[in-house]
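Peer 1: For reference, the file data_16.csv (CSV, C-alpha atoms) is included below:
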```csv
chain,number,residue,atom,x,y,z
Z,1,MET,CA,50.0,152.1,-3.7
Z,2,THR,CA,47.9,151.2,-0.6
Z,3,PRO,CA,46.0,148.0,-0.7
Z,4,ASN,CA,42.3,147.8,-0.5
Z,5,PRO,CA,41.4,148.1,3.2
Z,6,TYR,CA,39.1,145.0,2.9
Z,7,PHE,CA,42.1,143.0,1.6
Z,8,PHE,CA,43.0,142.0,5.2
Z,9,ILE,CA,39.5,140.5,5.6
Z,10,VAL,CA,40.1,138.4,2.5
Z,11,ILE,CA,43.4,137.2,4.1
Z,12,PHE,CA,41.7,136.6,7.4
Z,13,VAL,CA,38.9,134.5,5.7
Z,14,GLY,CA,41.5,132.6,3.7
Z,15,VAL,CA,43.5,131.7,6.8
Z,16,ALA,CA,40.4,130.9,8.8
Z,17,LEU,CA,39.4,128.4,6.1
Z,18,ILE,CA,42.8,126.9,5.6
Z,19,PHE,CA,43.6,126.5,9.3
Z,20,PRO,CA,40.8,124.0,10.0
Z,21,ILE,CA,40.8,122.4,6.6
Z,22,ILE,CA,44.4,121.2,6.7
Z,23,PRO,CA,44.1,119.1,9.9
Z,24,LEU,CA,40.7,117.8,8.8
Z,25,ALA,CA,42.1,116.8,5.4
Z,26,LEU,CA,45.1,115.1,7.1
Z,27,ALA,CA,42.9,113.2,9.4
Z,28,TRP,CA,40.7,112.1,6.5
Z,29,LEU,CA,43.8,111.0,4.5
Z,30,TRP,CA,45.1,109.1,7.5
Z,31,ARG,CA,41.8,107.4,8.0
Z,32,ARG,CA,41.5,106.7,4.3
Z,33,PHE,CA,44.9,105.1,3.8
Z,34,LEU,CA,46.3,103.9,7.1
Z,35,GLN,CA,43.6,103.1,9.5
Z,36,PRO,CA,41.5,100.0,8.8
Z,37,PRO,CA,37.8,100.7,9.2
Z,38,LYS,CA,36.2,98.6,11.9
Z,39,PRO,CA,32.5,99.3,11.8
Z,40,GLY,CA,30.1,97.1,13.6
Z,41,ALA,CA,26.5,96.8,14.7
Z,42,GLU,CA,27.3,98.0,18.2
Z,43,LYS,CA,29.6,100.8,17.1
Z,44,ASN,CA,27.2,102.2,14.6
Z,45,ALA,CA,24.2,101.9,16.9
Z,46,THR,CA,22.5,105.0,18.2
Z,47,TYR,CA,24.2,106.4,21.3
Z,48,GLU,CA,21.8,106.3,24.2
Z,49,CYS,CA,24.2,106.6,27.2
Z,50,GLY,CA,25.2,102.9,26.8
Z,51,VAL,CA,21.6,101.6,26.8
Z,52,GLU,CA,20.2,100.0,23.8
Z,53,ALA,CA,18.0,102.5,21.9
Z,54,VAL,CA,14.3,101.6,21.8
Z,55,GLY,CA,12.0,102.8,19.1
Z,56,GLU,CA,12.3,105.9,16.9
Z,57,ALA,CA,13.8,109.2,17.9
Z,58,GLN,CA,10.8,111.2,16.4
Z,59,VAL,CA,8.4,110.4,19.2
Z,60,GLN,CA,5.0,112.3,19.3
Z,61,PHE,CA,3.7,113.6,22.5
Z,62,GLN,CA,0.0,113.9,23.3
Z,63,SER,CA,-1.6,117.3,22.7
Z,64,GLN,CA,-3.0,117.0,26.2
Z,65,TYR,CA,0.3,118.2,27.6
Z,66,TYR,CA,-0.4,121.4,25.8
Z,67,LEU,CA,-3.7,122.0,27.6
Z,68,TYR,CA,-2.0,121.3,30.9
Z,69,CYS,CA,0.8,123.7,30.0
Z,70,ILE,CA,-1.6,126.5,29.1
Z,71,ILE,CA,-3.6,126.1,32.4
Z,72,PHE,CA,-0.4,126.0,34.3
Z,73,LEU,CA,0.9,129.1,32.7
Z,74,ILE,CA,-2.2,131.1,33.5
Z,75,PHE,CA,-1.9,130.2,37.2
Z,76,ASP,CA,1.8,130.8,37.1
Z,77,VAL,CA,1.1,134.4,36.0
Z,78,GLU,CA,-1.5,134.7,38.7
Z,79,ALA,CA,1.0,133.8,41.4
Z,80,VAL,CA,3.2,136.6,40.1
Z,81,PHE,CA,0.4,139.0,40.7
Z,82,LEU,CA,-0.8,137.5,44.0
Z,83,VAL,CA,2.5,137.8,45.8
Z,84,PRO,CA,2.8,141.6,45.6
Z,85,PHE,CA,-0.9,141.8,46.3
Z,86,ALA,CA,-0.5,139.8,49.4
Z,87,VAL,CA,2.5,141.8,50.5
Z,88,ALA,CA,0.7,145.2,50.1
Z,89,PHE,CA,-2.6,143.9,51.3
Z,90,THR,CA,-3.0,146.0,54.4
Z,91,GLY,CA,-2.3,149.3,52.6
Z,92,LEU,CA,-4.6,148.7,49.6
Z,93,PRO,CA,-7.7,150.8,48.8
Z,94,VAL,CA,-11.0,149.0,48.3
Z,95,GLY,CA,-10.8,149.6,44.5
Z,96,ALA,CA,-7.5,147.7,44.2
Z,97,PHE,CA,-8.9,144.9,46.3
Z,98,ILE,CA,-12.0,144.6,44.0
Z,99,ALA,CA,-9.8,144.7,41.0
Z,100,ILE,CA,-7.6,141.8,42.1
Z,101,LEU,CA,-10.7,139.9,43.2
Z,102,VAL,CA,-12.2,140.3,39.7
Z,103,PHE,CA,-8.9,139.1,38.2
Z,104,LEU,CA,-8.9,136.1,40.5
Z,105,LEU,CA,-12.6,135.3,39.7
Z,106,LEU,CA,-11.9,135.5,36.0
Z,107,LEU,CA,-9.1,133.0,36.3
Z,108,ILE,CA,-11.1,130.7,38.5
Z,109,GLU,CA,-14.0,130.9,36.1
Z,110,GLY,CA,-11.6,129.9,33.3
Z,111,LEU,CA,-10.4,126.9,35.4
Z,112,VAL,CA,-14.0,125.9,36.1
Z,113,TRP,CA,-14.8,126.1,32.4
Z,114,ALA,CA,-11.7,124.1,31.5
Z,115,TRP,CA,-12.6,121.6,34.2
Z,116,SER,CA,-16.2,121.2,32.9
Z,117,LYS,CA,-14.9,120.8,29.4
Z,118,GLY,CA,-13.0,117.8,30.6
Z,119,CYS,CA,-9.5,119.3,30.0
Z,120,LEU,CA,-8.2,118.0,33.3
Z,121,ASN,CA,-9.3,114.4,32.6
Z,122,TRP,CA,-6.3,112.5,31.5
Z,123,THR,CA,-7.3,110.1,28.7
Z,124,LEU,CA,-4.8,107.6,27.4
Z,125,LYS,CA,-5.3,107.7,23.7
Z,126,SER,CA,-2.5,106.5,21.5
S,127,MET,CA,61.7,104.8,20.7
S,128,SER,CA,62.7,105.1,17.1
S,129,ASP,CA,64.4,102.3,15.3
S,130,GLN,CA,65.4,104.2,12.2
S,131,ILE,CA,67.2,107.2,13.6
S,132,ASP,CA,70.5,107.0,15.3
S,133,GLU,CA,70.1,108.7,18.7
S,134,GLY,CA,73.6,110.1,18.7
S,135,LEU,CA,73.1,111.6,15.2
S,136,ARG,CA,69.8,113.0,16.2
S,137,SER,CA,71.1,114.7,19.3
S,138,GLU,CA,74.0,116.1,17.2
S,139,LEU,CA,71.5,117.4,14.7
S,140,GLN,CA,69.4,118.9,17.5
S,141,ARG,CA,72.4,120.8,18.7
S,142,GLN,CA,72.6,122.3,15.3
S,143,GLY,CA,69.0,123.3,15.3
S,144,ILE,CA,67.6,120.5,13.1
S,145,TRP,CA,64.8,118.4,14.5
S,146,VAL,CA,64.5,115.0,12.9
S,147,THR,CA,61.5,112.9,13.5
S,148,SER,CA,59.6,110.0,11.9
S,149,MET,CA,56.0,109.7,11.0
S,150,GLN,CA,55.4,107.3,13.8
S,151,GLU,CA,56.9,109.5,16.4
S,152,LEU,CA,55.0,112.5,15.2
S,153,TYR,CA,51.7,110.6,15.1
S,154,ASN,CA,52.2,109.1,18.5
S,155,TRP,CA,53.3,112.4,19.9
S,156,GLY,CA,50.1,114.0,18.7
S,157,ARG,CA,48.0,111.1,20.0
S,158,LYS,CA,49.6,110.8,23.4
S,159,ASN,CA,49.2,114.5,24.1
S,160,SER,CA,45.5,114.7,23.2
S,161,ILE,CA,43.9,111.8,25.0
S,162,TRP,CA,40.3,112.7,25.4
S,163,PRO,CA,38.6,110.7,28.2
S,164,LEU,CA,35.0,109.6,28.2
S,165,GLN,CA,33.1,111.6,30.8
S,166,PHE,CA,31.5,109.1,33.1
S,167,GLY,CA,32.1,108.1,36.7
S,168,LEU,CA,30.7,105.1,38.6
S,169,ALA,CA,31.5,105.6,42.2
S,170,CYS,CA,33.8,107.4,44.7
S,171,CYS,CA,36.8,107.0,42.3
S,172,ALA,CA,35.0,109.4,40.1
S,173,ILE,CA,35.4,112.1,42.7
S,174,GLU,CA,39.1,111.6,42.5
S,175,MET,CA,38.9,111.7,38.7
S,176,ILE,CA,37.0,115.0,39.0
S,177,ALA,CA,39.7,116.3,41.3
S,178,THR,CA,42.3,115.2,38.7
S,179,ALA,CA,40.5,117.2,36.1
S,180,ALA,CA,40.1,120.3,38.3
S,181,SER,CA,42.7,123.0,38.8
S,182,ARG,CA,44.7,121.6,41.6
S,183,TYR,CA,45.9,118.5,39.8
S,184,ASP,CA,45.0,119.7,36.4
S,185,ILE,CA,45.1,116.8,33.9
S,186,ALA,CA,45.1,119.5,31.2
S,187,ARG,CA,48.9,119.6,31.7
S,188,PHE,CA,48.9,116.2,29.9
S,189,GLY,CA,46.4,117.0,27.3
S,190,GLY,CA,43.6,115.0,28.9
S,191,GLU,CA,41.2,117.7,30.1
S,192,VAL,CA,38.6,117.4,27.3
S,193,PHE,CA,36.2,115.0,28.9
S,194,ARG,CA,33.8,114.1,26.2
S,195,PRO,CA,30.2,113.4,26.9
S,196,SER,CA,29.9,111.2,23.8
S,197,PRO,CA,31.9,108.0,23.2
S,198,ARG,CA,32.2,109.0,19.5
S,199,GLN,CA,34.7,111.7,20.4
S,200,ALA,CA,36.6,109.8,23.2
S,201,ASP,CA,39.9,108.0,23.1
S,202,LEU,CA,40.1,106.9,26.7
S,203,MET,CA,37.7,105.2,29.0
S,204,ILE,CA,38.5,105.7,32.7
S,205,VAL,CA,36.5,103.1,34.5
S,206,ALA,CA,36.3,104.9,37.8
S,207,GLY,CA,34.6,103.0,40.5
S,208,THR,CA,32.6,99.9,41.3
S,209,VAL,CA,31.1,98.2,38.2
S,210,THR,CA,27.9,96.6,39.2
S,211,LYS,CA,26.5,93.8,37.1
S,212,LYS,CA,23.6,96.1,36.1
S,213,MET,CA,26.1,98.6,34.8
S,214,ALA,CA,28.5,96.3,33.0
S,215,PRO,CA,26.6,95.9,29.7
S,216,GLN,CA,26.3,99.6,29.4
S,217,ILE,CA,30.1,100.1,29.9
S,218,VAL,CA,30.9,97.4,27.4
S,219,ARG,CA,28.5,99.0,24.9
S,220,LEU,CA,30.0,102.5,25.5
S,221,TYR,CA,33.4,101.0,24.9
S,222,ASN,CA,32.2,99.4,21.7
S,223,GLN,CA,30.9,102.7,20.6
S,224,MET,CA,34.2,104.5,21.0
S,225,PRO,CA,36.2,104.8,17.8
S,226,ASP,CA,39.6,103.3,17.4
S,227,PRO,CA,42.2,103.8,18.8
S,228,LYS,CA,40.8,103.5,22.3
S,229,TYR,CA,42.3,102.8,25.7
S,230,VAL,CA,41.0,101.8,29.1
S,231,ILE,CA,42.2,102.8,32.5
S,232,SER,CA,40.8,100.6,35.3
S,233,MET,CA,40.8,103.0,38.2
S,234,GLY,CA,40.7,101.7,41.8
S,235,ALA,CA,40.3,98.3,43.4
S,236,CYS,CA,36.7,97.9,42.4
S,237,ALA,CA,37.3,98.3,38.7
S,238,ILE,CA,40.2,95.9,38.9
S,239,SER,CA,38.7,93.1,40.9
S,240,GLY,CA,35.5,94.2,42.7
S,241,GLY,CA,37.6,95.6,45.6
S,242,PRO,CA,35.9,95.6,49.0
S,243,PHE,CA,32.6,94.6,47.3
S,244,LYS,CA,34.0,91.6,45.6
S,245,GLN,CA,31.8,89.2,47.6
S,246,GLY,CA,28.7,91.2,46.7
S,247,TYR,CA,26.2,89.3,44.5
S,248,ASN,CA,25.8,92.3,42.2
S,249,VAL,CA,29.4,93.5,41.7
S,250,LEU,CA,31.4,92.6,38.7
S,251,LYS,CA,34.8,91.2,39.7
S,252,GLY,CA,36.8,93.4,37.4
S,253,ILE,CA,36.0,95.2,34.2
S,254,ASP,CA,38.8,93.4,32.4
S,255,ARG,CA,36.5,90.4,32.2
S,256,TYR,CA,34.8,92.1,29.2
S,257,ILE,CA,37.1,94.8,27.8
S,258,PRO,CA,40.9,95.0,27.4
S,259,VAL,CA,42.4,97.2,30.0
S,260,ASP,CA,45.6,99.1,29.3
S,261,VAL,CA,46.5,100.6,32.8
S,262,TYR,CA,45.4,99.4,36.2
S,263,ILE,CA,45.5,101.8,39.2
S,264,PRO,CA,45.3,100.2,42.6
S,265,GLY,CA,43.9,102.2,45.5
S,266,CYS,CA,40.6,102.7,47.2
S,267,PRO,CA,40.2,105.3,45.8
S,268,PRO,CA,43.5,106.1,44.1
S,269,ARG,CA,44.7,109.7,44.7
S,270,PRO,CA,44.7,112.1,41.7
S,271,GLU,CA,48.5,111.7,41.5
S,272,ALA,CA,47.9,108.0,40.9
S,273,LEU,CA,45.5,108.7,38.1
S,274,LEU,CA,48.1,111.2,36.6
S,275,HIS,CA,50.7,108.5,36.9
S,276,ALA,CA,48.4,106.0,35.0
S,277,PHE,CA,47.8,108.7,32.4
S,278,MET,CA,51.6,109.1,32.0
S,279,GLU,CA,52.0,105.3,31.7
S,280,LEU,CA,49.3,105.3,29.0
S,281,GLN,CA,51.1,108.1,27.2
S,282,ARG,CA,54.3,106.0,27.4
S,283,LYS,CA,52.3,103.0,26.0
S,284,ILE,CA,50.9,105.1,23.1
S,285,ASP,CA,54.4,106.5,22.4
S,286,SER,CA,55.8,103.0,22.0
S,287,GLN,CA,53.1,101.7,19.7
S,288,LYS,CA,54.2,100.8,16.2
S,289,LEU,CA,52.4,101.9,13.1
S,290,THR,CA,53.8,99.3,10.8
S,291,GLY,CA,55.3,95.8,10.9
S,292,ASP,CA,54.2,92.7,12.7
S,293,LYS,CA,54.0,94.3,16.1
S,294,LYS,CA,51.8,97.2,15.1
S,295,ALA,CA,49.1,98.6,17.4
S,296,ALA,CA,45.9,96.6,17.7
S,297,HIS,CA,43.8,99.3,16.3
S,298,LEU,CA,45.8,99.2,13.0
S,299,ASP,CA,45.4,95.4,12.7
S,300,PRO,CA,42.3,94.6,10.7
S,301,ALA,CA,42.1,91.2,12.4
S,302,GLN,CA,41.8,92.6,15.9
S,303,PRO,CA,38.3,93.2,17.0
S,304,SER,CA,37.1,96.7,17.7
S,305,GLU,CA,34.0,95.7,19.7
S,306,PHE,CA,33.5,93.1,22.3
S,307,PRO,CA,30.3,91.1,23.0
S,308,VAL,CA,28.0,92.8,25.4
S,309,PRO,CA,27.0,90.6,28.4
S,310,ALA,CA,23.4,90.0,29.0
S,311,PHE,CA,21.5,89.4,32.2
S,312,GLY,CA,21.1,85.6,32.6
S,313,ALA,CA,19.1,83.7,35.2
S,314,HIS,CA,21.7,84.1,37.9
S,315,ASP,CA,24.6,86.1,36.5
S,316,LEU,CA,25.8,87.9,33.5
S,317,GLU,CA,26.1,85.7,30.4
S,318,PRO,CA,28.8,85.1,29.6
S,319,PRO,CA,30.6,85.6,33.0
S,320,ALA,CA,33.8,86.7,31.1
S,321,ASN,CA,35.0,87.2,27.6
S,322,PRO,CA,37.7,84.5,27.1
S,323,ARG,CA,39.3,86.6,24.4
S,324,VAL,CA,40.4,89.3,26.9
S,325,PHE,CA,40.2,87.5,30.2
S,326,GLN,CA,42.0,84.3,31.2
S,327,PRO,CA,41.8,83.7,34.9
S,328,PRO,CA,45.1,82.6,36.4
S,329,LYS,CA,45.2,78.9,37.0
S,330,ILE,CA,45.7,77.9,40.6
S,331,GLU,CA,47.9,75.0,41.0
S,332,ARG,CA,47.5,73.2,44.3
S,333,THR,CA,50.4,71.0,45.4
```
Can you present the structure in this file as structure tokens?

Peer 2:
Amino acid sequence: MTPNPYFFIVIFVGVALIFPIIPLALAWLWRRFLQPPKPGAEKNATYECGVEAVGEAQVQFQSQYYLYCIIFLIFDVEAVFLVPFAVAFTGLPVGAFIAILVFLLLLIEGLVWAWSKGCLNWTLKS
Amino acid sequence: MSDQIDEGLRSELQRQGIWVTSMQELYNWGRKNSIWPLQFGLACCAIEMIATAASRYDIARFGGEVFRPSPRQADLMIVAGTVTKKMAPQIVRLYNQMPDPKYVISMGACAISGGPFKQGYNVLKGIDRYIPVDVYIPGCPPRPEALLHAFMELQRKIDSQKLTGDKKAAHLDPAQPSEFPVPAFGAHDLEPPANPRVFQPPKIERT
């Protein structure tokens, strides 16, 4: 009688579970019965590359970073379009030139709008 | 190494294909062949330490290639380079955050005594003022072979550590401390200038 073809997977999973569990269990038993625990304030402190940790780990960042990021992203994409445009500039028809000009103007308009809205003013609000 | 097993009997048994060992030997064998160093370098000695870890010198042959970026997983601290007074509290804190058993190799003249910068106002004159050092390597900087030698010396030390009895290893003794006071910046120098528990300067007797 041939065993179920998936039987080998069961064996594999079993070995894969037992293989790490045995050393972990041995280490736990060793720690539990033989090694005296030596906790301390320094030892249990938050690891911060050897520097004393200051404040909480869940720090909030200002949402202003988000605006800066968005504006940066827009002009980042613009640079991607501008480089091929500049390379092929001499061979471009007038239509393509006007198209990229419109594209540029739209972005600049967006920047002016963001500027007039005060998005570029960095205010320190906590 | 072993107190219990007769060496002659053991070699006789080994010839017959029976390997006899003790818990202590097995435990120390596992420990000495899997020493994970803490990954940090302070100065030019760190370059030699990196060379030791790279393929030419290959500390992996001794089981020490797993440089851990966290002290929680490290067994060995290789103080590789000049310890400035600005850096000393961080090193002691990192040492404190390592779990027992932990070992320290003081690599190079600077880590031992301040080395060529000993007269500098900002250089600690030896990391052994604050933490217990197991192996010192002289040199400026020591060659990778020297670090490997120190590593083997440390393995020899781990191999000879006792698990039970009066002379058992320090990490198994509940009375022995696991962390040492971190020095703070004082008005002129680190406070305290040394930990008297681990550092007793040699007394100079003038005649």

Peer 1: Expressed in Å to a single decimal, how great is the separation between CA of Gly241 in chain S and CA of Leu316 in chain S?

Peer 2: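 Computed distance, CA of Gly241 in chain S to CA of Leu316 in chain S, equals 18.6 Å.
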
Peer 1: Looking at only C-alpha atoms, which of Z:Tyr66, Z:Phe33, Z:Phe61, Z:Phe75 is the one that sits closest to chain S?

Peer 2: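 Of Z:Tyr66, Z:Phe33, Z:Phe61, Z:Phe75, the one nearest chain S is Z:Phe33, counting only C-alpha atoms.
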
Peer 1: Can you work out the spacing between CA of Met224 in chain S and CA of Ser196 in chain S in Å, to one decimal?

Peer 2: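 A separation of 8.4 Å between them.
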
Peer 1: Which residues, written as a compact mmCIF listing (two decimals) with C-alpha atoms, in the coordinates of the input, have at least one atom at most 12 Å from Arg198 in chain S, with all atoms listed in the file counted and residues fewer than 3 positions away on the same chain left out?

Peer 2:
```
# COMPACT_ATOMS: atom_id res chain seq x y z
CA LYS Z 43 29.60 100.80 17.10
CA ASN Z 44 27.20 102.20 14.60
CA ALA Z 45 24.20 101.90 16.90
CA THR Z 46 22.50 105.00 18.20
CA TYR Z 47 24.20 106.40 21.30
CA GLU Z 48 21.80 106.30 24.20
CA CYS Z 49 24.20 106.60 27.20
CA GLY Z 50 25.20 102.90 26.80
CA TRP S 162 40.30 112.70 25.40
CA PRO S 163 38.60 110.70 28.20
CA LEU S 164 35.00 109.60 28.20
CA GLN S 165 33.10 111.60 30.80
CA PHE S 193 36.20 115.00 28.90
CA ARG S 194 33.80 114.10 26.20
CA PRO S 195 30.20 113.40 26.90
CA ASP S 201 39.90 108.00 23.10
CA LEU S 202 40.10 106.90 26.70
CA MET S 203 37.70 105.20 29.00
CA ARG S 219 28.50 99.00 24.90
CA LEU S 220 30.00 102.50 25.50
CA TYR S 221 33.40 101.00 24.90
CA ASN S 222 32.20 99.40 21.70
CA GLN S 223 30.90 102.70 20.60
CA MET S 224 34.20 104.50 21.00
CA PRO S 225 36.20 104.80 17.80
CA ASP S 226 39.60 103.30 17.40
CA PRO S 227 42.20 103.80 18.80
CA LYS S 228 40.80 103.50 22.30
```

Peer 1: Could you write out as an NGL selection string the residues of chain S within 12 Å of chain Z, counting all atoms listed in the file?

Peer 2: :S and (149-150 or 153 or 156-157 or 164-166 or 195-199 or 212-227 or 289-290 or 294-308 or 310)

Peer 1: Residues at most 6 Å from range 253-270 of chain S, counting all atoms listed in the file, excluding those fewer than 5 positions away in the same chain, as number ranges by chain?

Peer 2: S: 171, 174, 178, 230-235, 237, 320-321, 324-325

Peer 1: May I have the residues within 12 Å of range 131-138 of chain S as a PyMOL selection string, using all atoms listed in the file and disregarding those fewer than 6 positions away in the same chain?

Peer 2: chain S and resi 144-151

Peer 1: Would you mind reading off the distance between CA of Gly95 in chain Z and CA of Phe81 in chain Z, one decimal, in Å?

Peer 2: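 Atom-to-atom, CA of Gly95 in chain Z to CA of Phe81 in chain Z, that is 15.9 Å.
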
Peer 1: Using all atoms listed in the file, which of S:Pro322, S:Pro327, S:Gly312, S:Gly207 sits nearest Gly167 in chain S?

Peer 2: S:Gly207

Peer 1: Within 12 Å of Leu101 in chain Z, counting all atoms listed in the file, which residues qualify if same-chain residues fewer than 5 places away don't, as a count of residues only?

Peer 2: 12

Peer 1: Nearest residue to Phe103 in chain Z out of Z:Asn121, Z:Arg32, Z:Ala79, Z:Leu17, using only C-alpha atoms?

Peer 2: Z:Ala79

Peer 1: Just range 37-61 of chain Z, please, as an mmCIF file, in the first residue's frame (only C-alpha atoms).

Peer 2:
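Saved to result12.cif:
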```cif
data_model
loop_
_atom_site.group_PDB
_atom_site.id
_atom_site.type_symbol
_atom_site.label_atom_id
_atom_site.label_comp_id
_atom_site.auth_asym_id
_atom_site.auth_seq_id
_atom_site.Cartn_x
_atom_site.Cartn_y
_atom_site.Cartn_z
ATOM 1 C CA PRO Z 37 18.682 35.703 36.522
ATOM 2 C CA LYS Z 38 20.421 39.031 36.834
ATOM 3 C CA PRO Z 39 18.034 41.685 35.660
ATOM 4 C CA GLY Z 40 18.764 45.318 36.289
ATOM 5 C CA ALA Z 41 17.656 48.791 35.415
ATOM 6 C CA GLU Z 42 20.417 49.241 32.848
ATOM 7 C CA LYS Z 43 20.064 45.788 31.397
ATOM 8 C CA ASN Z 44 16.326 46.055 30.889
ATOM 9 C CA ALA Z 45 16.503 49.589 29.583
ATOM 10 C CA THR Z 46 15.583 50.390 26.009
ATOM 11 C CA TYR Z 47 18.457 49.777 23.613
ATOM 12 C CA GLU Z 48 19.368 53.069 21.980
ATOM 13 C CA CYS Z 49 22.898 52.336 20.709
ATOM 14 C CA GLY Z 50 24.249 52.767 24.221
ATOM 15 C CA VAL Z 51 22.699 56.178 24.717
ATOM 16 C CA GLU Z 52 20.049 56.659 27.340
ATOM 17 C CA ALA Z 53 16.625 56.576 25.731
ATOM 18 C CA VAL Z 54 14.739 59.866 25.920
ATOM 19 C CA GLY Z 55 10.969 60.127 25.730
ATOM 20 C CA GLU Z 56 8.556 57.704 24.152
ATOM 21 C CA ALA Z 57 9.120 55.607 21.072
ATOM 22 C CA GLN Z 58 5.746 56.564 19.549
ATOM 23 C CA VAL Z 59 6.666 60.076 18.481
ATOM 24 C CA GLN Z 60 4.292 62.085 16.289
ATOM 25 C CA PHE Z 61 5.595 64.064 13.372
#
```
